[in-house]
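Undergrad: Provided herewith is a single structure, encoded as C-alpha cells, for subsequent inquiry.
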Number of protein chains: 4
Amino acid sequence: MVSFESDYTQGAHPRILERFVETNLIPQPGYGFDEYTASAREKIRLAALKPDADVEFIVGGTQTNMVVISTLLKDYEAVIAAKTGHISLHEAGAIEYSGHKVIELPCKDGKLSSKTVREYLADFFADGSHEHMAIPGMVYVSYPTEYGTLYSKAELVALKAVCREYNIPLFVDGARLGYGLASKACDLTLKEFADIVDVFYIGGTKVGALCGEAIVFSNLKKPEHFLTSIKRRGALVAKGRLLGLQFDTLFSDNLYFEISKHAIVMAEKVKDIMAKHGVKFYIDSPTNQQFVVLDNSVLEKLKQKLRFEIWEKADEKHTVVRFATSWATTDEDLIVLDEALSACL
Amino acid sequence: MVSFESDYTQGAHPRILERFVETNLIPQPGYGFDEYTASAREKIRLAALKPDADVEFIVGGTQTNMVVISTLLKDYEAVIAAKTGHISLHEAGAIEYSGHKVIELPCKDGKLSSKTVREYLADFFADGSHEHMAIPGMVYVSYPTEYGTLYSKAELVALKAVCREYNIPLFVDGARLGYGLASKACDLTLKEFADIVDVFYIGGTKVGALCGEAIVFSNLKKPEHFLTSIKRRGALVAKGRLLGLQFDTLFSDNLYFEISKHAIVMAEKVKDIMAKHGVKFYIDSPTNQQFVVLDNSVLEKLKQKLRFEIWEKADEKHTVVRFATSWATTDEDLIVLDEALSACL
Amino acid sequence: MVSFESDYTQGAHPRILERFVETNLIPQPGYGFDEYTASAREKIRLAALKPDADVEFIVGGTQTNMVVISTLLKDYEAVIAAKTGHISLHEAGAIEYSGHKVIELPCKDGKLSSKTVREYLADFFADGSHEHMAIPGMVYVSYPTEYGTLYSKAELVALKAVCREYNIPLFVDGARLGYGLASKACDLTLKEFADIVDVFYIGGTKVGALCGEAIVFSNLKKPEHFLTSIKRRGALVAKGRLLGLQFDTLFSDNLYFEISKHAIVMAEKVKDIMAKHGVKFYIDSPTNQQFVVLDNSVLEKLKQKLRFEIWEKADEKHTVVRFATSWATTDEDLIVLDEALSACL
Amino acid sequence: MVSFESDYTQGAHPRILERFVETNLIPQPGYGFDEYTASAREKIRLAALKPDADVEFIVGGTQTNMVVISTLLKDYEAVIAAKTGHISLHEAGAIEYSGHKVIELPCKDGKLSSKTVREYLADFFADGSHEHMAIPGMVYVSYPTEYGTLYSKAELVALKAVCREYNIPLFVDGARLGYGLASKACDLTLKEFADIVDVFYIGGTKVGALCGEAIVFSNLKKPEHFLTSIKRRGALVAKGRLLGLQFDTLFSDNLYFEISKHAIVMAEKVKDIMAKHGVKFYIDSPTNQQFVVLDNSVLEKLKQKLRFEIWEKADEKHTVVRFATSWATTDEDLIVLDEALSACL
C-alpha cells in the first residue's frame with residue numbers, strides 16, 4: 001500500500017546501496033576511523049563552508065539530541081525547548097534519562113520565539129538568585145519544526161542573539177534539515193545556517209539514509225573525549241563505515257540537496273491535491289510534512305486506500321493527520337493519493 | 001592491506017546487501033513494526049527452538065548490554081561480571097552511566113567460574129545484612145569471552161544453577177555467539193544454550209551484519225514497555241527494517257551458522273600457520289580470535305605487512321597481539337599472513 | 001531583626017532540644033535502627049490510624065521527593081505535577097537528576113485539578129500508542145501547595161479517583177502538612193488524609209524540627225530494599241536517632257498539631273494586620289504562608305525593618321512578597337510587623 | 001549496654017547541644033547563608049591555614065563523596081579507589097548512581113600505594129588509545145582508612161605526585177579525620193595535610209557531631225554553581241545552621257582535636273586490654289577502630305555483655321570484629337570491656 005506515513009518508510013537512496021556494494025570487502029578500521037567517515041567529514045565541512053568544524057556521526061535522532069545536550073550542558077544546567085519540541089514530547093524522556101531537565105516554553109506553530117526565550121532568561125537571571133532552579137544552559141530548536149514550519153533567517157539570528165547575550169549555545173535539531181533548506185520558504189543557505197547556530201545535526205535517517213545523523217559543531221568545539229562520552233551512552237557503532245559511507249554519498253554530487261528538493265516538489269503537489277479536494281490544512285507547512293484535518297468518517301475510508309499518520313484529535317468529529325513526502329515519493333504515489341481523496345470525499 | 005585487526009573491518013555478508021537492494025523501496029512501518037523484523041523474530045525463535053521468546057533488535061553491543069542490564073536490574077542492584085568482561089573494561093562505563101555498579105570478580109582466561117560466583121553470593125547473603133552494599137542482581141558472562149575462550153555446557157549449567165539458587169538472571173553477551181557455537185570446542189547447540197541462560201544476545205555486527213544485535217529473552221519475559229525504555233536510552237532506530245532485514249537474512253538458509261563456521265575454519269588455519277612459524281600463543285582460544293605473543297621487533301616489521309590488533313604489553317620486550325578471522329576472511333588473506341610471518345621471523 | 005522570611009529561620013522546638021540533651025549519651029544503633037526511630041514510627045502510625053504503614057525518615061524535602069518518586073516510578077515512567085509544583089520549579093532538577101521527567105500540567109493557585117489530570121491521562125492512554133513518550137506513572141501534589149492553598153477533601157478524593165482509574169499512586173508532598181491540617185479551611189483529619197493518598201510525607205524541617213521528613217506509605221508498601229535505595233542516593237544518615245528522636249518528640253503530646261495550630265493563629269493575625277493596613281493579597285491563603293503585593297518603594301522601606309521573602313515581580317512597580325509564620329512566631333513579632341507597616345505605608 | 005559498635009552510637013558533644021539551645025530562636029537565613037556557617041568556614045580555614053579555601057557543609061559521608069566526586073569528574077571520567085575503599089564497597093553504589101565508575105585497585109591494609117596508582121595510570125595513558133575505557137579522573141583515599149590505618153606524610157605526598165603528574169585531583173575522605181590526626185602514628189598537621197591534598201572532608205558525624213561533614217577545597221576551587229549541584233542531588237539542608245553551628249563549635253577552643261585525642265587515648269587503652277587478654281589483632285591500627293579476631297564461641301559469649309561490630313568471617317571458627325572508641329568513650333566503658341573479656345576468655 002502506498003504510504004505517506006512518514007519520511008522513513010523506505011530504505012536508502014539507491015546510490016547509497018551501490019556504494020555499500022562497491023566498498024563492502026575493503027577492510028577499514030572501526031569506530032569512525034575509516035576513510036569514508038574522514039571523507040564525509042570533509043565534504044560536510046565543504047558544504048557548510050566550515051573548514052574547521054568538528055563533525056561526528058551518530059545512528060539516530062533521539063540519540064544525537066541526548067548525546068549533544070548531555071555532553072554540552074554542565075551538571076547544573078537544563079535545556080530550553082519549545083513545548084512541542086521533539087525532546088519535550090517524543091523522546092520518552094531521553095534528556096531526563098541523561099539527568100537534565102527540559103525547560104518547556106510556550107511556542108507557536110512549533111516555533112520558539114526569541115522574545116519568549118529572552119523574557120525567560122531575563123527573568124531567570126534578573127536577580128541572580130535562582131540557585132534552587134535548574135539553570136538554563138542551552139536553547140534547542142528544530143529546523144524544520146515538528147510541525148513542518150521554518151524559522152526565518154531573521155528569527156534564527158534573533159534566537160542566536162539571545163543565546164550570545166546569555167553565553168549559552170544554540171543547538172538545532174536538523175532531523176529534516178534537507179527538507180528545510182530545500183523549501184521555497186527557506187531564506188538561508190547551509191553556510192548561513194552554520195554561521196548562525198552553534199551546533200546542529202544534519203538528518204540522514206529521514207533524508208535518504210538507512211540511519212545516521214551528522215553532528216556539526218559549527219561555532220564551538222566538540223566536547224573533550226567525545227568518543228568516550230558517545231561510547232558510554234551506547235551510541236558508538238563498531239562499523240563506523242556504515243555512517244561515514246552514507247554521508248559521504250549524500251554529500252557527493254549534491255545528492256542530499258537534490259533528493260531534499262524532490263521531496264519538497266512532491267510536498268507542493270500534495271498540497272495542491274489536498275487544496276483541490278478542499279481538505280483543510282491544520283497548519284501552513286512549507287516543508288515535506290503536511291498536516292490536514294479530516295472528518296473521522298473520511299479518515300476511516302481513506303485508511304483503506306493508503307497509509308498516513310494519525311497526529312492528534314482535533315475535536316470529537318475530526319482528526320489531524322500527517323502526510324509526509326520524502327526522497328522516495330513518486331508521481332505514482334501522488335496519483336494514488338488524488339484518486340483516494342476523490343473516492344473518499 | 002590485509003587485515004586481521006578485528007571481525008568488524010569489512011561490510012556485510014553480500015546476501016544482506018542483496019536483500020537491501022531487493023526490498024529498498026517497499027514501504028514499511030518504522031521502529032521495528034516492519035515485516036522483516038517480524039520474520040527475523042520468528043526465524044530466531046525457530047533456530048533457538050524457543051517459540052515464545054521475546055526477541056528485540058538493537059544496533060550495537062555496548063548499547064545492548066546497557067539496555068538489557070539496566071532494565072532488568074532493580075534500582076538497588078548491581079551486575080556481577082568477570083574482571084576482564086566487556087562491561088567491566090571496554091564499554092567506557094556504560095553500565096555505570098545507567099546508574100548501576102559492575103561487581104568485578106576474579107576470572108581465568110576470561111571465564112567466571114560458578115565457584116567464584118557462588119562464594120561471592122553466599123558471603124553476600126550469609127547474614128542478610130549487606131544493606132549498605134549494591135545488591136547482586138544478575139550474572140553477566142560473554143560467550144565466547146573477550147579472550148576467545150568458551151564455557152563448556154557443564155560450566156554454563158553450573159553458573160545457571162548458582163543464579164537459580166539466588167533467584168537472579170544469567171545474561172550472556174553473545175557479540176560473537178556464532179563463532180562460539182561453530183567452534184570445535186563447543187559442546188552446545190543454540191537450543192541448549194537458550195535453554196540454560198535467561199537472556200542473551202546474538203551478535204550481528206561481528207558476524208556478518210553491518211550492525212545489529214538480537215536480544216533473546218529465552219527464559220524470562222522482556223521488561224514491560226521495553227520499547228519506551230529502549231527509546232529513552234536513545235537506542236531505538238526509526239528504520240527498524242535495517243536491523244530486521246539483516247537478521248532475517250542471517251537466519252535464512254543457515255547463513256549465520258555457515259559464515260560462523262567459515263571464520264572458525266579460517267581461525268584454525270591461522271593457528272596452524274602460527275604454530276608452523278613457532279609463534280607463541282598467549283591463550284588457547286578455540287574461536288575466531290587468536291592471541292599470540294610477539295617479540296616487539298617482529299611486531300614492528302609485521303605491521304608493515306598486515307593489520308592486526310595490539311592487545312597489551314606482555315613484558316618489556318614482548319607484546320600480546322590479536323588476530324581475528326571473520327565470515328570475510330579468505331584463503332588469500334592466509335597466504336599473506338604466512339608469507340608475512342616467513343619474512344619477519 | 002524579626003523575620004517572616006520563611007518557616008525555617010529558627011532552630012527546633014525547645015522540647016526537641018531537651019530530648020537531645022536527655023538522650024545524648026545513650027548508645028543506639030545507627031541508620032534508623034535506634035529505639036527513638038522505632039517509637040516515632042509507632043506514634044506516626046497511631047496518629048494517622050494506619051497501624052501497618054511503612055514509615056521512613058529522610059533529612060530534607062527535595063531529597064524525600066527524589067527518593068520517593070525515583071524508587072516508585074518504573075524505568076519508563078514520569079511524574080505528573082502542577083507547573084508551579086516544588087519538583088517542577090524549585091528543586092534544581094532533582095527528579096530529572098534521578099532520570100525521570102516531570103510532566104508539568106496547568107494549575108490554578110498552585111492546585112492541580114482532577115479534571116486536568118484526567119484529561120491528560122485519558123488523552124495519553126486513548127489509543128495506547130504513546131510508546132515514544134514518557135509514560136505517566138504517578139501524580140504529585142503538595143498539601144498545602146507552594147502558594148499556601150489547600151485541596152479540599154473532595155478535591156483530593158477526586159484526584160485519587162483518577163489515579164486509581166489509571167492505577168498510579170498519588171503522592172503528597174507535605175513539607176508543611178501540619179500547617180495545612182491546622183488551617184481553618186482544612187476539612188480533613190490526618191487519618192482521612194492518609195486514607196485517601198497512597199504515600200505522603202510529614203514535614204519536620206518547616207514544622208518544628210531542625211531537619212527531617214517522615215515518609216508514610218499509607219496505601220502501598222515501601223519499595224523493596226528501600227534502605228539500600230536511600231543509601232545509594234546519599235540520603236541515609238548514620239545517626240538515625242537525629243531524625244527519630246525529633247519525630248518521636250513532635251508526635252508526643254500532640255506537639256506537632258499544637259505548634260502547627262500556633263503558626264496558623266499567627267498567620268491569621270498577620271492577615272488581619274495586612275488587611276488593616278490595606279495591603280493587597282496576591283492569593284487567598286488559609287495557611288502559614290501569606291503572599292501580598294507591595295509597591296516597590298514600600299518594599300524598600302520595609303526591608304529596613306524586618307525580613308520577608310521576595311517572591312516574584314508583579315509588574316514594573318509592584319512585587320509579590322511572602323510572609324511566613326511558624327511554630328516560633330511570637331506576638332512580639334506581630335507588633336513589629338504592625339509598627340513597620342504603619343511606618344512604611 | 002556498653003557499646004564499642006561504632007563511633008556514631010551516641011549523640012553530639014555536649015557543647016554542641018548547648019550551642020543549639022543558646023542560638024535556637026535567633027532567626028537566620030536558610031541554605032547555609034546563616035552566620036554560624038560563615039563563622040565555621042572561617043574557623044576551618046584558620047585551622048587548616050588555608051585562608052582562601054572554599055568550605056561547604058553536607059549532612060553525611062556517602063553524600064559528600066557522591067557530591068564531590070560527581071561534580072569534579074568530567075562526564076567521561078572515573079574515580080580510582082582502593083578495593084576496600086568506602087566508595088568501592090559500602091556506599092551501595094552511590095558513585096555509580098551518579099553515573100561514574102569506581103576503578104578499584106589492589107591495596108594493602110586499606111591503603112592504596114602510589115606505586116599501584118602510578119602503574120595503573122602509566123599503563124592507561126601509555127599509548128593514548130583507551131578511548132573505550134572510563135578515563136581515570138581522580139584518586140580517592142580515606143584517612144584514616146576503613147581499617148583504621150594511616151598514610152604517612154611521605155605516602156600522601158607520593159600519591160599527590162602521581163596525581164599531579166596526570167593532572168587529576170587527590171580527594172581524601174576524612175570521615176574520621178580527627179582520629180587520624182590525633183593518632184600517635186600521624187606525622188602530619190592539618191595544615192600539611194591540606195597543603196598536600198586537593199580536596200578533603202572533615203568528618204563531623206563520627207567525631208562529635210549529630211551529623212555533618214565539612215568539604216575543604218584546599219588546592220582547587222569548588223565547582224561553579226556548587227549549591228545548585230548540591231540541591232539537585234537532594235543534599236542541601238534548609239536549616240544550614242544545623243551544620244554550621246556544629247562545625248563552628250567543633251572548631252572553637254580546639255574542641256575537634258581534643259575530643260579526637262580522647263578517642264585515641266581510649267583506643268590505646270582498648271589495645272592494651274586486648275593485648276593483656278591475648279586477643280589477636282587482625283590489623284595494626286593506630287586510630288580509633290580496632291579490629292581483632294575472636295573465636296566464635298567467645299564472640300557469642302561477649303555479645304551478651306557488650307556491643308561491638310561483626311566485621312567479616314576470618315575462617316570457619318573465627319570472626320573479625322571491630323571495637324571503636326569515640327569522643328564519648330569513658331573509662332567506665334573500658335572497665336566493662338576488661339571484665340567482659342576476663343569473663344569470656
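Residues in the C-alpha cells are named by chain (A, B, ... in the order shown) and by number from 1 within that chain; ligands are numbered from 1 in the order shown.
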Show me, as JSON lines, the residues of chain A having an atom within 8 Å of chain D, each with the closest atom pair and its distance in Å, using only C-alpha atoms.
TA:
{"residue": "A:Thr71", "atom": "CA", "partner": "D:Asp75", "partner_atom": "CA", "distance": 7.1}
{"residue": "A:Asp75", "atom": "CA", "partner": "D:Ser229", "partner_atom": "CA", "distance": 6.8}
{"residue": "A:Tyr76", "atom": "CA", "partner": "D:Ser229", "partner_atom": "CA", "distance": 5.4}
{"residue": "A:Glu131", "atom": "CA", "partner": "D:Thr228", "partner_atom": "CA", "distance": 5.3}
{"residue": "A:His132", "atom": "CA", "partner": "D:Thr228", "partner_atom": "CA", "distance": 5.9}
{"residue": "A:Met133", "atom": "CA", "partner": "D:Thr228", "partner_atom": "CA", "distance": 7.2}
{"residue": "A:Ala134", "atom": "CA", "partner": "D:Thr228", "partner_atom": "CA", "distance": 7.4}
{"residue": "A:His225", "atom": "CA", "partner": "D:Tyr76", "partner_atom": "CA", "distance": 7.2}
{"residue": "A:Leu227", "atom": "CA", "partner": "D:Glu131", "partner_atom": "CA", "distance": 6.7}
{"residue": "A:Thr228", "atom": "CA", "partner": "D:Glu131", "partner_atom": "CA", "distance": 5.3}
{"residue": "A:Ser229", "atom": "CA", "partner": "D:Tyr76", "partner_atom": "CA", "distance": 5.4}
{"residue": "A:Lys231", "atom": "CA", "partner": "D:His132", "partner_atom": "CA", "distance": 6.7}
{"residue": "A:Arg232", "atom": "CA", "partner": "D:Tyr76", "partner_atom": "CA", "distance": 7.7}
Undergrad: Write a file of the just-selected residues containing N, CA, C and O atoms, as a PDB file, in the first residue's frame.
TA:
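Saved the output as selection29.pdb:
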ATOM      1  N   THR A  71      26.253  16.216  26.822  1.00  0.00           N
ATOM      2  CA  THR A  71      27.698  16.457  26.922  1.00  0.00           C
ATOM      3  C   THR A  71      28.019  17.951  26.921  1.00  0.00           C
ATOM      4  O   THR A  71      29.053  18.353  27.448  1.00  0.00           O
ATOM      5  N   ASP A  75      26.693  20.181  34.718  1.00  0.00           N
ATOM      6  CA  ASP A  75      25.924  19.380  35.673  1.00  0.00           C
ATOM      7  C   ASP A  75      24.594  20.030  36.073  1.00  0.00           C
ATOM      8  O   ASP A  75      23.562  19.380  36.141  1.00  0.00           O
ATOM      9  N   TYR A  76      24.640  21.314  36.360  1.00  0.00           N
ATOM     10  CA  TYR A  76      23.502  22.023  36.963  1.00  0.00           C
ATOM     11  C   TYR A  76      22.604  22.689  35.920  1.00  0.00           C
ATOM     12  O   TYR A  76      21.693  23.420  36.273  1.00  0.00           O
ATOM     13  N   GLU A 131      19.265  29.893  42.518  1.00  0.00           N
ATOM     14  CA  GLU A 131      20.144  28.738  42.728  1.00  0.00           C
ATOM     15  C   GLU A 131      19.392  27.451  43.040  1.00  0.00           C
ATOM     16  O   GLU A 131      19.984  26.384  43.079  1.00  0.00           O
ATOM     17  N   HIS A 132      18.095  27.572  43.285  1.00  0.00           N
ATOM     18  CA  HIS A 132      17.293  26.374  43.563  1.00  0.00           C
ATOM     19  C   HIS A 132      16.575  25.880  42.306  1.00  0.00           C
ATOM     20  O   HIS A 132      15.730  25.008  42.383  1.00  0.00           O
ATOM     21  N   MET A 133      16.893  26.477  41.197  1.00  0.00           N
ATOM     22  CA  MET A 133      16.276  26.063  39.940  1.00  0.00           C
ATOM     23  C   MET A 133      17.353  25.543  38.990  1.00  0.00           C
ATOM     24  O   MET A 133      18.514  25.939  39.077  1.00  0.00           O
ATOM     25  N   ALA A 134      16.937  24.652  38.103  1.00  0.00           N
ATOM     26  CA  ALA A 134      17.854  24.197  37.064  1.00  0.00           C
ATOM     27  C   ALA A 134      18.200  25.407  36.200  1.00  0.00           C
ATOM     28  O   ALA A 134      17.311  26.151  35.767  1.00  0.00           O
ATOM     29  N   HIS A 225      37.193  14.359  24.678  1.00  0.00           N
ATOM     30  CA  HIS A 225      36.946  12.917  24.784  1.00  0.00           C
ATOM     31  C   HIS A 225      35.525  12.558  24.363  1.00  0.00           C
ATOM     32  O   HIS A 225      34.846  11.762  25.018  1.00  0.00           O
ATOM     33  N   LEU A 227      34.422  10.855  21.901  1.00  0.00           N
ATOM     34  CA  LEU A 227      34.221   9.449  21.544  1.00  0.00           C
ATOM     35  C   LEU A 227      33.904   8.616  22.784  1.00  0.00           C
ATOM     36  O   LEU A 227      33.012   7.756  22.757  1.00  0.00           O
ATOM     37  N   THR A 228      34.610   8.887  23.877  1.00  0.00           N
ATOM     38  CA  THR A 228      34.352   8.139  25.110  1.00  0.00           C
ATOM     39  C   THR A 228      32.950   8.444  25.646  1.00  0.00           C
ATOM     40  O   THR A 228      32.233   7.554  26.094  1.00  0.00           O
ATOM     41  N   SER A 229      32.552   9.691  25.571  1.00  0.00           N
ATOM     42  CA  SER A 229      31.197  10.059  26.010  1.00  0.00           C
ATOM     43  C   SER A 229      30.137   9.401  25.129  1.00  0.00           C
ATOM     44  O   SER A 229      29.088   8.983  25.624  1.00  0.00           O
ATOM     45  N   LYS A 231      30.575   6.563  23.503  1.00  0.00           N
ATOM     46  CA  LYS A 231      30.660   5.132  23.817  1.00  0.00           C
ATOM     47  C   LYS A 231      29.852   4.787  25.072  1.00  0.00           C
ATOM     48  O   LYS A 231      29.089   3.828  25.098  1.00  0.00           O
ATOM     49  N   ARG A 232      30.036   5.553  26.133  1.00  0.00           N
ATOM     50  CA  ARG A 232      29.372   5.204  27.391  1.00  0.00           C
ATOM     51  C   ARG A 232      27.863   5.414  27.336  1.00  0.00           C
ATOM     52  O   ARG A 232      27.137   4.926  28.195  1.00  0.00           O
TER      53      ARG A 232
END
Undergrad: Excluding same-chain residues fewer than 6 positions from range 206-211 of chain A, what lies within 6 Å of it counting only C-alpha atoms, as a count of residues only?
TA: 6
Undergrad: So that I can see what lies close to Ser342 in chain D, please list as a list in words the residues with an atom at most 12 Å from it, counting only C-alpha atoms and leaving out residues fewer than 5 positions away in the same chain.
TA: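 Listed by chain and then number, they are Ile273, Met274, Lys276, His277, Gly278, Val279, Val298, Lys301, Leu302, Lys305, Ile335, Val336 and Leu337 of chain D.
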Undergrad: Next, the residues of the selection above should be written as a PDB file, in the first residue's frame with C-alpha atoms.
TA:
ATOM      1  CA  ILE D 273      43.275  -4.518  77.375  1.00  0.00           C
ATOM      2  CA  MET D 274      43.035  -6.709  74.287  1.00  0.00           C
ATOM      3  CA  LYS D 276      46.563  -8.264  78.116  1.00  0.00           C
ATOM      4  CA  HIS D 277      43.864 -10.833  77.378  1.00  0.00           C
ATOM      5  CA  GLY D 278      45.844 -12.288  74.488  1.00  0.00           C
ATOM      6  CA  VAL D 279      43.277 -11.252  71.892  1.00  0.00           C
ATOM      7  CA  VAL D 298      33.979 -16.335  72.668  1.00  0.00           C
ATOM      8  CA  LYS D 301      29.504 -15.003  74.991  1.00  0.00           C
ATOM      9  CA  LEU D 302      30.899 -11.500  74.595  1.00  0.00           C
ATOM     10  CA  LYS D 305      27.967  -8.344  77.687  1.00  0.00           C
ATOM     11  CA  ILE D 335      36.294  -1.407  82.761  1.00  0.00           C
ATOM     12  CA  VAL D 336      33.244  -3.156  81.347  1.00  0.00           C
ATOM     13  CA  LEU D 337      35.337  -4.295  78.382  1.00  0.00           C
TER      14      LEU D 337
END
Undergrad: Just the number, please: distance in Å from CA of Leu243 in chain C to CA of Gly32 in chain D, one decimal.
TA: 19.7 Å
Undergrad: Run DSSP on the backbone and give me the residues of range 15-97 of chain B it puts in alpha helix (DSSP H), as a ChimeraX atom specification.
TA: /B:15-23,35-47,61-72,86-89,94-97
Undergrad: Which residues come within 9 Å of Ser3 in chain B, counting only C-alpha atoms, excluding same-chain residues fewer than 5 positions away, as a short mmCIF file (atom, residue, chain, number, x, y, z; two decimals) with N, CA and C atoms, in the first residue's frame?
TA:
data_model
loop_
_atom_site.label_atom_id
_atom_site.label_comp_id
_atom_site.auth_asym_id
_atom_site.auth_seq_id
_atom_site.Cartn_x
_atom_site.Cartn_y
_atom_site.Cartn_z
N PRO A 27 38.76 -3.66 3.77
CA PRO A 27 38.90 -3.55 5.22
C PRO A 27 39.11 -2.10 5.66
N GLN A 28 38.46 -1.76 6.73
CA GLN A 28 38.56 -0.40 7.27
C GLN A 28 38.63 -0.49 8.79
N THR B 9 35.99 -5.38 10.35
CA THR B 9 36.71 -4.49 9.42
C THR B 9 36.03 -4.38 8.06
N LEU B 306 50.79 -6.38 7.37
CA LEU B 306 49.34 -6.62 7.55
C LEU B 306 48.87 -5.96 8.84
N ARG B 307 47.55 -5.89 8.93
CA ARG B 307 46.96 -5.23 10.11
C ARG B 307 46.51 -6.27 11.14
N PHE B 308 46.80 -5.98 12.38
CA PHE B 308 46.32 -6.82 13.49
C PHE B 308 46.18 -5.88 14.69
N PHE B 323 44.85 -11.66 16.41
CA PHE B 323 44.49 -11.88 15.02
C PHE B 323 43.07 -12.41 15.01
N ALA B 324 42.17 -11.71 14.34
CA ALA B 324 40.78 -12.17 14.28
C ALA B 324 40.43 -12.57 12.86
N THR B 325 39.69 -13.66 12.74
CA THR B 325 39.12 -14.01 11.44
C THR B 325 37.64 -13.66 11.50
N THR B 329 37.06 -13.52 5.96
CA THR B 329 38.46 -13.90 5.78
C THR B 329 38.59 -14.87 4.60
N ASP B 333 44.02 -14.17 2.20
CA ASP B 333 44.48 -13.48 3.42
C ASP B 333 45.47 -14.37 4.18
#
Undergrad: Fewer than 4 positions away in the same chain doesn't count, so skip those; otherwise give me all residues within 12 Å of Ala275 in chain C, counting only C-alpha atoms, as a ChimeraX atom specification.
TA: /C:268-271,279-281,284,290,292-293,338,341
Undergrad: Could you give me the residues within range 32-244 of chain A that DSSP places in strand (DSSP E or B), as a ChimeraX atom specification?
TA: /A:54-58,77-82,102-105,108,111,135-142,170-173,199-203,213-217
Undergrad: With N, CA and C atoms retained, could you export that selection as a compact mmCIF listing (two decimals), in the first residue's frame?
TA:
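Once written, again.txt looks like this:
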# COMPACT_ATOMS: atom_id res chain seq x y z
N ASP A 54 34.19 20.47 13.79
CA ASP A 54 34.17 19.07 14.18
C ASP A 54 32.87 18.47 13.67
N VAL A 55 32.97 17.30 13.06
CA VAL A 55 31.79 16.61 12.53
C VAL A 55 31.80 15.19 13.05
N GLU A 56 30.72 14.76 13.68
CA GLU A 56 30.64 13.41 14.21
C GLU A 56 29.33 12.75 13.78
N PHE A 57 29.35 11.44 13.65
CA PHE A 57 28.16 10.72 13.16
C PHE A 57 27.57 9.81 14.23
N ILE A 58 26.25 9.85 14.31
CA ILE A 58 25.51 9.08 15.32
C ILE A 58 24.36 8.39 14.58
N GLU A 77 22.84 22.41 34.64
CA GLU A 77 22.11 23.12 33.60
C GLU A 77 20.95 22.31 33.00
N ALA A 78 20.02 23.04 32.43
CA ALA A 78 18.88 22.46 31.73
C ALA A 78 18.82 23.06 30.33
N VAL A 79 18.06 22.43 29.45
CA VAL A 79 17.95 22.92 28.08
C VAL A 79 16.56 23.50 27.85
N ILE A 80 16.51 24.64 27.22
CA ILE A 80 15.24 25.29 26.86
C ILE A 80 14.76 24.73 25.53
N ALA A 81 13.46 24.39 25.46
CA ALA A 81 12.90 23.90 24.20
C ALA A 81 11.45 24.35 24.08
N ALA A 82 10.94 24.30 22.85
CA ALA A 82 9.51 24.55 22.64
C ALA A 82 8.72 23.43 23.31
N VAL A 102 14.31 19.47 30.75
CA VAL A 102 13.93 20.24 29.58
C VAL A 102 12.98 21.34 30.07
N ILE A 103 13.38 22.57 29.89
CA ILE A 103 12.52 23.70 30.26
C ILE A 103 11.64 23.99 29.07
N GLU A 104 10.36 23.66 29.19
CA GLU A 104 9.45 23.75 28.05
C GLU A 104 8.76 25.11 28.02
N LEU A 105 9.05 25.87 26.96
CA LEU A 105 8.45 27.20 26.85
C LEU A 105 7.34 27.21 25.81
N LYS A 108 4.58 28.72 19.08
CA LYS A 108 3.50 28.88 18.11
C LYS A 108 3.90 28.15 16.84
N LYS A 111 7.24 26.76 16.77
CA LYS A 111 8.41 27.65 16.82
C LYS A 111 8.51 28.41 18.14
N ILE A 135 19.47 25.61 35.96
CA ILE A 135 19.94 26.83 35.29
C ILE A 135 19.94 26.62 33.77
N PRO A 136 19.25 27.50 33.03
CA PRO A 136 19.21 27.32 31.57
C PRO A 136 20.60 27.41 30.95
N GLY A 137 20.97 26.39 30.18
CA GLY A 137 22.33 26.33 29.66
C GLY A 137 22.41 26.08 28.16
N MET A 138 21.27 26.07 27.48
CA MET A 138 21.26 25.81 26.04
C MET A 138 19.86 26.11 25.51
N VAL A 139 19.79 26.51 24.24
CA VAL A 139 18.49 26.60 23.58
C VAL A 139 18.46 25.58 22.46
N TYR A 140 17.39 24.79 22.44
CA TYR A 140 17.19 23.75 21.43
C TYR A 140 15.99 24.12 20.56
N VAL A 141 16.19 24.15 19.25
CA VAL A 141 15.05 24.28 18.34
C VAL A 141 15.21 23.27 17.20
N SER A 142 14.12 23.00 16.51
CA SER A 142 14.16 22.09 15.38
C SER A 142 13.96 22.88 14.09
N LEU A 170 23.25 27.67 20.98
CA LEU A 170 22.01 27.39 20.25
C LEU A 170 22.23 26.10 19.46
N PHE A 171 21.43 25.10 19.78
CA PHE A 171 21.57 23.79 19.15
C PHE A 171 20.34 23.54 18.29
N VAL A 172 20.55 23.15 17.05
CA VAL A 172 19.43 22.91 16.15
C VAL A 172 19.33 21.45 15.74
N ASP A 173 18.17 20.90 15.99
CA ASP A 173 17.84 19.53 15.60
C ASP A 173 17.44 19.58 14.12
N VAL A 199 25.73 24.59 17.11
CA VAL A 199 25.89 23.17 16.81
C VAL A 199 24.55 22.69 16.25
N PHE A 200 24.61 21.81 15.28
CA PHE A 200 23.37 21.30 14.68
C PHE A 200 23.63 19.92 14.14
N TYR A 201 22.56 19.22 13.82
CA TYR A 201 22.82 17.97 13.11
C TYR A 201 22.06 17.91 11.81
N ILE A 202 22.68 17.23 10.85
CA ILE A 202 22.12 17.06 9.51
C ILE A 202 21.49 15.68 9.49
N GLY A 203 20.18 15.65 9.38
CA GLY A 203 19.47 14.38 9.45
C GLY A 203 19.72 13.51 8.23
N GLU A 213 22.95 10.44 11.55
CA GLU A 213 22.81 11.88 11.70
C GLU A 213 24.24 12.43 11.84
N ALA A 214 24.48 13.57 11.21
CA ALA A 214 25.82 14.16 11.26
C ALA A 214 25.80 15.40 12.15
N ILE A 215 26.49 15.33 13.27
CA ILE A 215 26.57 16.50 14.16
C ILE A 215 27.66 17.43 13.65
N VAL A 216 27.32 18.69 13.50
CA VAL A 216 28.30 19.68 13.05
C VAL A 216 28.48 20.73 14.15
N PHE A 217 29.67 20.78 14.70
CA PHE A 217 29.99 21.79 15.72
C PHE A 217 30.50 23.01 14.96
Undergrad: Just want the 10 Å neighbourhood of Glu316 in chain C, counted on only C-alpha atoms, with same-chain residues fewer than 3 positions away dropped. Output as a compact mmCIF listing (two decimals) with C-alpha atoms, in the first residue's frame.
TA:
# COMPACT_ATOMS: atom_id res chain seq x y z
CA ASP C 295 4.64 48.79 45.97
CA ASN C 296 8.38 48.65 45.30
CA LYS C 313 7.81 40.56 40.14
CA THR C 319 6.41 42.89 43.84
Undergrad: Extract, using only C-alpha atoms, all DNA, RNA and protein residues at most 12 Å from Val157 in chain B, discarding same-chain residues fewer than 5 positions from it, and format them as a list in words.
TA: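 Contacts, with the query itself left out: Ser113, Ser114, Tyr151, Ser152, Val162, Cys163, Arg164, Leu170, Leu188, Glu192, Phe193, Ala194, Asp195, Ile196, Val197 and Asp198 of chain B.
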